[in-house]
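Asker: The file below is entry11.cif, mmCIF, C-alpha atoms:
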data_run
#
loop_
_atom_site.label_atom_id
_atom_site.label_comp_id
_atom_site.auth_asym_id
_atom_site.auth_seq_id
_atom_site.Cartn_x
_atom_site.Cartn_y
_atom_site.Cartn_z
CA MET H 1 58.73 -23.62 -211.20
CA ASN H 2 56.37 -25.85 -209.26
CA SER H 3 54.90 -24.93 -205.91
CA LYS H 4 57.77 -26.48 -203.93
CA ASN H 5 60.35 -24.49 -205.90
CA ASP H 6 58.36 -21.29 -205.43
CA TYR H 7 58.00 -21.93 -201.71
CA LEU H 8 61.69 -22.63 -201.27
CA MET H 9 62.75 -19.55 -203.23
CA ASP H 10 60.36 -17.38 -201.26
CA ILE H 11 61.92 -18.59 -198.00
CA PHE H 12 65.45 -17.76 -199.14
CA GLU H 13 64.54 -14.48 -200.80
CA ASN H 14 63.03 -13.29 -197.56
CA ARG H 15 65.40 -14.82 -195.00
CA TYR H 16 67.75 -12.15 -193.67
CA THR H 17 70.04 -11.39 -190.75
CA CYS H 18 67.89 -9.74 -188.12
CA LYS H 19 69.32 -6.42 -186.86
CA GLY H 20 66.93 -5.84 -183.98
CA TYR H 21 64.56 -7.93 -181.87
CA ASP H 22 61.28 -7.32 -180.11
CA PRO H 23 61.90 -8.31 -176.46
CA GLU H 24 58.15 -8.79 -175.92
CA LYS H 25 57.93 -11.68 -178.38
CA THR H 26 59.13 -15.18 -177.53
CA VAL H 27 59.76 -18.19 -179.73
CA SER H 28 57.56 -21.08 -178.58
CA ASP H 29 59.11 -24.19 -177.07
CA GLU H 30 57.66 -26.27 -179.90
CA ASP H 31 59.26 -24.11 -182.59
CA PHE H 32 62.61 -23.86 -180.83
CA ASN H 33 62.71 -27.61 -180.22
CA THR H 34 62.11 -28.12 -183.92
CA ILE H 35 65.04 -25.82 -184.76
CA MET H 36 67.28 -27.78 -182.40
CA GLU H 37 66.16 -31.12 -183.83
CA VAL H 38 67.10 -29.80 -187.28
CA ALA H 39 70.54 -28.96 -185.86
CA ARG H 40 70.88 -32.41 -184.31
CA LEU H 41 69.97 -34.13 -187.57
CA SER H 42 72.45 -32.13 -189.64
CA PRO H 43 75.21 -33.93 -191.54
CA SER H 44 78.87 -33.83 -190.52
CA SER H 45 82.11 -35.14 -191.95
CA ASN H 46 82.48 -38.84 -191.08
CA GLY H 47 79.27 -38.49 -189.07
CA PHE H 48 81.31 -37.28 -186.08
CA GLU H 49 78.84 -34.56 -184.95
CA PRO H 50 81.71 -32.47 -183.47
CA TRP H 51 79.41 -29.92 -181.88
CA LYS H 52 77.23 -28.97 -178.97
CA PHE H 53 74.45 -26.37 -178.69
CA ILE H 54 73.80 -24.36 -175.55
CA ARG H 55 70.93 -21.95 -175.00
CA LEU H 56 72.34 -19.13 -172.89
CA ASN H 57 69.70 -17.62 -170.59
CA ASN H 58 71.93 -16.30 -167.82
CA ARG H 59 71.74 -12.51 -168.02
CA ASP H 60 74.80 -12.00 -165.82
CA ILE H 61 76.93 -14.03 -168.22
CA ILE H 62 75.38 -12.29 -171.22
CA GLU H 63 76.26 -8.88 -169.76
CA GLU H 64 79.81 -10.04 -169.07
CA LEU H 65 80.08 -11.16 -172.69
CA ARG H 66 78.69 -7.91 -174.09
CA PRO H 67 81.96 -5.89 -174.25
CA HIS H 68 83.61 -8.71 -176.17
CA ALA H 69 80.73 -9.57 -178.52
CA TRP H 70 79.97 -6.49 -180.61
CA GLY H 71 78.16 -8.58 -183.23
CA ALA H 72 75.71 -9.83 -180.60
CA ALA H 73 74.66 -6.43 -179.23
CA ASN H 74 71.27 -6.30 -180.96
CA ALA H 75 70.57 -9.94 -180.16
CA PHE H 76 71.48 -9.48 -176.50
CA ASN H 77 68.99 -6.60 -176.36
CA GLY H 78 65.89 -8.56 -177.25
CA ALA H 79 66.30 -11.93 -178.95
CA SER H 80 64.16 -14.68 -177.52
CA HIS H 81 66.92 -17.30 -177.68
CA ILE H 82 70.71 -16.97 -177.69
CA VAL H 83 72.47 -20.15 -178.80
CA LEU H 84 76.17 -20.93 -178.40
CA ILE H 85 77.50 -23.38 -180.96
CA LEU H 86 80.54 -25.20 -179.65
CA ALA H 87 83.10 -27.16 -181.64
CA LYS H 88 85.08 -30.14 -180.41
CA THR H 89 88.70 -29.43 -179.54
CA THR H 90 91.56 -30.92 -181.53
CA GLU H 91 92.22 -33.48 -178.81
CA GLU H 92 88.67 -34.79 -179.05
CA ILE H 93 88.92 -35.66 -182.73
CA LEU H 94 92.37 -37.24 -182.75
CA PRO H 95 92.31 -40.71 -184.34
CA GLY H 96 91.61 -43.20 -181.56
CA SER H 97 90.21 -40.62 -179.10
CA ASP H 98 87.62 -41.70 -176.55
CA TYR H 99 85.05 -39.46 -178.22
CA LEU H 100 85.51 -40.97 -181.66
CA GLU H 101 85.51 -44.48 -180.27
CA ARG H 102 82.14 -43.75 -178.65
CA ILE H 103 80.84 -42.46 -181.99
CA TYR H 104 81.99 -45.61 -183.76
CA THR H 105 80.71 -48.09 -181.16
CA GLU H 106 77.68 -46.48 -179.50
CA ILE H 107 76.27 -44.14 -182.16
CA GLN H 108 77.13 -45.45 -185.62
CA LYS H 109 77.22 -49.15 -184.71
CA TYR H 110 78.62 -50.31 -188.03
CA PRO H 111 79.73 -53.95 -188.40
CA GLU H 112 83.21 -54.53 -186.98
CA GLU H 113 84.95 -54.85 -190.35
CA LEU H 114 83.36 -51.66 -191.68
CA SER H 115 84.18 -49.77 -188.46
CA LYS H 116 87.80 -50.87 -188.79
CA GLN H 117 87.90 -49.58 -192.36
CA ARG H 118 86.31 -46.28 -191.34
CA ARG H 119 88.95 -45.84 -188.61
CA GLU H 120 91.73 -46.45 -191.14
CA ASN H 121 90.15 -44.06 -193.64
CA TYR H 122 89.86 -41.33 -191.03
CA ASP H 123 93.45 -41.83 -189.90
CA HIS H 124 94.57 -41.22 -193.49
CA PHE H 125 92.17 -38.28 -193.86
CA TYR H 126 93.43 -36.72 -190.62
CA LYS H 127 97.14 -37.10 -191.36
CA GLU H 128 97.27 -36.82 -195.15
CA ASP H 129 94.14 -35.62 -196.97
CA PHE H 130 93.33 -32.59 -194.79
CA ASN H 131 96.60 -32.56 -192.82
CA LEU H 132 94.80 -31.91 -189.54
CA ALA H 133 97.93 -32.99 -187.65
CA GLU H 134 99.79 -29.96 -189.05
CA ASN H 135 99.37 -27.88 -185.89
CA GLU H 136 97.27 -27.60 -182.74
CA ARG H 137 94.79 -25.21 -184.35
CA ALA H 138 94.05 -27.26 -187.47
CA GLY H 139 91.73 -29.79 -185.83
CA PHE H 140 89.63 -27.14 -184.09
CA ASP H 141 89.40 -25.11 -187.30
CA TRP H 142 88.03 -28.22 -189.02
CA THR H 143 85.43 -28.94 -186.33
CA SER H 144 84.42 -25.27 -186.37
CA LYS H 145 83.73 -25.53 -190.10
CA GLN H 146 81.45 -28.47 -189.38
CA CYS H 147 79.42 -26.25 -187.02
CA TYR H 148 78.36 -24.01 -189.89
CA ILE H 149 76.34 -26.88 -191.38
CA PRO H 150 73.82 -27.11 -188.51
CA LEU H 151 73.93 -23.32 -188.19
CA ALA H 152 72.73 -22.93 -191.78
CA ASN H 153 70.02 -25.51 -191.25
CA MET H 154 68.87 -23.78 -188.06
CA LEU H 155 68.58 -20.44 -189.87
CA THR H 156 66.57 -22.04 -192.67
CA ALA H 157 64.31 -23.91 -190.25
CA ALA H 158 63.66 -20.67 -188.39
CA ALA H 159 62.72 -18.92 -191.63
CA VAL H 160 60.28 -21.72 -192.52
CA LEU H 161 58.66 -21.27 -189.10
CA GLY H 162 58.43 -17.48 -189.51
CA ILE H 163 61.14 -16.83 -186.93
CA ASP H 164 63.89 -14.24 -187.42
CA SER H 165 67.51 -15.10 -186.79
CA THR H 166 71.08 -13.82 -186.66
CA PRO H 167 74.31 -15.77 -187.13
CA ILE H 168 76.89 -14.10 -184.85
CA GLU H 169 80.60 -14.24 -185.58
CA GLY H 170 81.42 -10.76 -184.30
CA PHE H 171 83.10 -11.55 -181.00
CA HIS H 172 86.56 -11.97 -179.49
CA GLN H 173 86.81 -15.73 -179.46
CA GLU H 174 89.46 -16.11 -176.77
CA LYS H 175 87.85 -13.67 -174.33
CA VAL H 176 84.39 -15.14 -174.82
CA HIS H 177 85.83 -18.64 -174.37
CA GLU H 178 87.53 -17.52 -171.16
CA ILE H 179 84.30 -16.09 -169.72
CA LEU H 180 82.19 -19.11 -170.64
CA THR H 181 84.63 -21.62 -169.20
CA LYS H 182 85.13 -19.51 -166.08
CA HIS H 183 81.39 -19.89 -165.47
CA HIS H 184 81.58 -23.61 -166.26
CA VAL H 185 79.28 -23.27 -169.26
CA TYR H 186 81.34 -26.00 -170.92
CA ASP H 187 84.52 -28.01 -170.43
CA PRO H 188 87.44 -26.42 -172.34
CA LYS H 189 89.04 -29.84 -172.74
CA GLU H 190 86.08 -30.89 -174.86
CA TYR H 191 84.81 -27.75 -176.57
CA LYS H 192 85.48 -24.20 -177.63
CA ILE H 193 83.04 -21.56 -178.87
CA ALA H 194 82.78 -21.55 -182.68
CA ILE H 195 79.85 -19.24 -183.40
CA MET H 196 76.63 -17.91 -181.84
CA ALA H 197 73.11 -17.55 -183.17
CA ALA H 198 70.03 -15.64 -182.08
CA PHE H 199 66.35 -16.36 -182.69
CA GLY H 200 63.28 -14.23 -182.11
CA TYR H 201 61.06 -11.70 -183.85
CA THR H 202 62.22 -8.52 -185.51
CA ASN H 203 61.29 -5.02 -184.36
CA ARG H 204 62.03 -3.31 -187.68
CA ASP H 205 61.77 -3.59 -191.45
CA HIS H 206 64.70 -5.05 -193.37
CA ARG H 207 66.16 -3.94 -196.66
CA GLU H 208 65.87 -5.88 -199.90
CA LYS H 209 68.29 -8.79 -200.17
CA LYS H 210 71.43 -7.99 -202.16
CA ARG H 211 73.42 -10.79 -203.78
CA ARG H 212 75.71 -11.27 -206.77
CA PRO H 213 73.93 -12.75 -209.82
CA LEU H 214 73.90 -16.53 -210.27
CA SER H 215 76.10 -16.20 -213.36
CA GLU H 216 78.96 -14.96 -211.15
CA VAL H 217 78.81 -17.70 -208.54
CA TRP H 218 77.93 -20.85 -210.49
CA GLU H 219 79.22 -22.51 -213.61
CA THR H 220 79.51 -25.95 -215.17
CA VAL H 221 82.79 -27.51 -216.21
CA GLU H 222 82.30 -30.09 -218.96
#
Starting from the file, lay out its structure as structure tokens.

Answerer:
Amino acid sequence: MNSKNDYLMDIFENRYTCKGYDPEKTVSDEDFNTIMEVARLSPSSNGFEPWKFIRLNNRDIIEELRPHAWGAANAFNGASHIVLILAKTTEEILPGSDYLERIYTEIQKYPEELSKQRRENYDHFYKEDFNLAENERAGFDWTSKQCYIPLANMLTAAAVLGIDSTPIEGFHQEKVHEILTKHHVYDPKEYKIAIMAAFGYTNRDHREKKRRPLSEVWETVE
């Protein structure tokens, strides 16, 4: 392998889910802004970017979340940055929604004929290919899946910068959503919590990475 391959493999061999944070160590603004730019630049289906990222600093809200977020306990106790990753609600990604129209016209700015074709393609995708019109939950489940793309990129960026991280899925989604919207952290008509993440510096050693061998998870079909 060349030096780039070696570097990349070293990053992934040594990236792990942090189980405890040193509360005396803080991620710099420069490094955290880089992590968030990586999130912003992440790909999404149709380029819809159906997400939002919120750094939660309010200790009162964090303590209110604690009983309903068992997977975040170690992060709440010392991580430098707690990030909420929100997914767009089903209503926001309906074909013809105000949000999607803004994406088409203000963000993507494709020529009119191409934008028209993209709208038609998405309408078919929504109703037929992925059957997102099946029920109220389907659209949100799809936008939540999109959120894992920037999450993965954020974790990798943190590892490159020498920052420890934790993806957090261990929480009661409905109760956490209720608390966050009660405190007006976000508008429930637009978003719902999909996943959390923590960033900081570990206060302990971590065990060797354990994974199935490549031969079990990858093959080629000729």

Asker: Here's the selection I'm unsure about, the PyMOL selection byres ((chain H and resi 186) around 12); applied to the file above, which residues does it give, as a PyMOL selection string?

Answerer: chain H and resi 51-56+84-89+176-185+187-193

Asker: Distance atom CA of H:Arg119-atom CA of H:Gly96, one decimal place?

Answerer: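 About the pair atom CA of H:Arg119 and atom CA of H:Gly96: they are 8.0 Å apart.
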
Asker: Env of H:Asp22: 6 Å cut, atoms = all atoms listed in the file, seq-sep filter 3 positions within chain, self excluded. Answer as a PyMOL selection string.

Answerer: chain H and resi 25+78+201-203

Asker: On this structure, the PyMOL selection byres ((chain H and resi 195) around 9) would catch which residues? List them as an MDAnalysis selection string, sorted by chain and number.

Answerer: chainID H and resid 83:87 144 147:148 151 167:171 173 193:194 196:197

Asker: On this structure, which residues satisfy the PyMOL selection byres ((chain H and resi 153) around 10), written as a PDB file with C-alpha atoms, in the coordinates of the input?

Answerer:
ATOM      1  CA  ILE H  35      65.040 -25.820-184.760  1.00  0.00           C
ATOM      2  CA  MET H  36      67.280 -27.780-182.400  1.00  0.00           C
ATOM      3  CA  VAL H  38      67.100 -29.800-187.280  1.00  0.00           C
ATOM      4  CA  ALA H  39      70.540 -28.960-185.860  1.00  0.00           C
ATOM      5  CA  ARG H  40      70.880 -32.410-184.310  1.00  0.00           C
ATOM      6  CA  LEU H  41      69.970 -34.130-187.570  1.00  0.00           C
ATOM      7  CA  SER H  42      72.450 -32.130-189.640  1.00  0.00           C
ATOM      8  CA  PRO H  43      75.210 -33.930-191.540  1.00  0.00           C
ATOM      9  CA  TYR H 148      78.360 -24.010-189.890  1.00  0.00           C
ATOM     10  CA  ILE H 149      76.340 -26.880-191.380  1.00  0.00           C
ATOM     11  CA  PRO H 150      73.820 -27.110-188.510  1.00  0.00           C
ATOM     12  CA  LEU H 151      73.930 -23.320-188.190  1.00  0.00           C
ATOM     13  CA  ALA H 152      72.730 -22.930-191.780  1.00  0.00           C
ATOM     14  CA  MET H 154      68.870 -23.780-188.060  1.00  0.00           C
ATOM     15  CA  LEU H 155      68.580 -20.440-189.870  1.00  0.00           C
ATOM     16  CA  THR H 156      66.570 -22.040-192.670  1.00  0.00           C
ATOM     17  CA  ALA H 157      64.310 -23.910-190.250  1.00  0.00           C
ATOM     18  CA  ALA H 158      63.660 -20.670-188.390  1.00  0.00           C
ATOM     19  CA  ALA H 159      62.720 -18.920-191.630  1.00  0.00           C
TER      20      ALA H 159
END

Asker: Padding of 3 Å on every side, edges along x, y and z, all listed atoms of stretch 40-53 of chain H included: what centre and edge lengths in Å, to one decimal, does that box have, as lines of an AutoDock Vina configuration file?

Answerer:
center_x = 76.2
center_y = -32.6
center_z = -185.3
size_x = 18.5
size_y = 18.5
size_z = 19.3

Asker: Under the rule that all atoms listed in the file are counted, which of H:Arg207, H:Ile163, H:Phe12, H:Thr90 is the nearest residue to H:Thr34?

Answerer: H:Ile163

Asker: Please list as number ranges by chain every residue within 12 Å of H:Asn14, counting only C-alpha atoms and excluding residues in the same chain fewer than 3 positions away.

Answerer: H: 7-11, 17-18, 155-156, 158-160, 162-165, 205-210

Asker: Mind pulling up the distance from atom CA of H:Ile93 to atom CA of H:Gln146?

Answerer: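 So the two atoms, atom CA of H:Gln146 and atom CA of H:Ile93, lie 12.3 Å apart.
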
Asker: For each of H:Glu136, H:Glu91, H:His68, H:Thr166, take the minimum atom-to-atom distance to H:Phe199, counting all atoms listed in the file, then give the residue where this is smallest.

Answerer: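 Smallest distance to H:Phe199 is found for H:Thr166.
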
Asker: Can you measure atom CA of H:Pro95 to atom CA of H:Glu134 for me? One decimal in Å is fine.

Answerer: 13.9 Å

Asker: Nearest to H:Asn46: which of H:Ile103, H:Leu161, H:Ile61, H:Ala72 is it, counting all atoms listed in the file?

Answerer: H:Ile103

Asker: Determine the nearest neighbour of H:Gly71 from the options H:Arg102, H:Arg204, H:His172, H:Arg211, counting all atoms listed in the file.

Answerer: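 Using all atoms listed in the file, H:Gly71 sits closest to H:His172.
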
Asker: Neighbours of H:Asn74 within 8 Å (all atoms listed in the file; same-chain residues fewer than 5 positions away dropped), as a list in words?

Answerer: Lys19, Gly20, Tyr21 and Ala79 of chain H
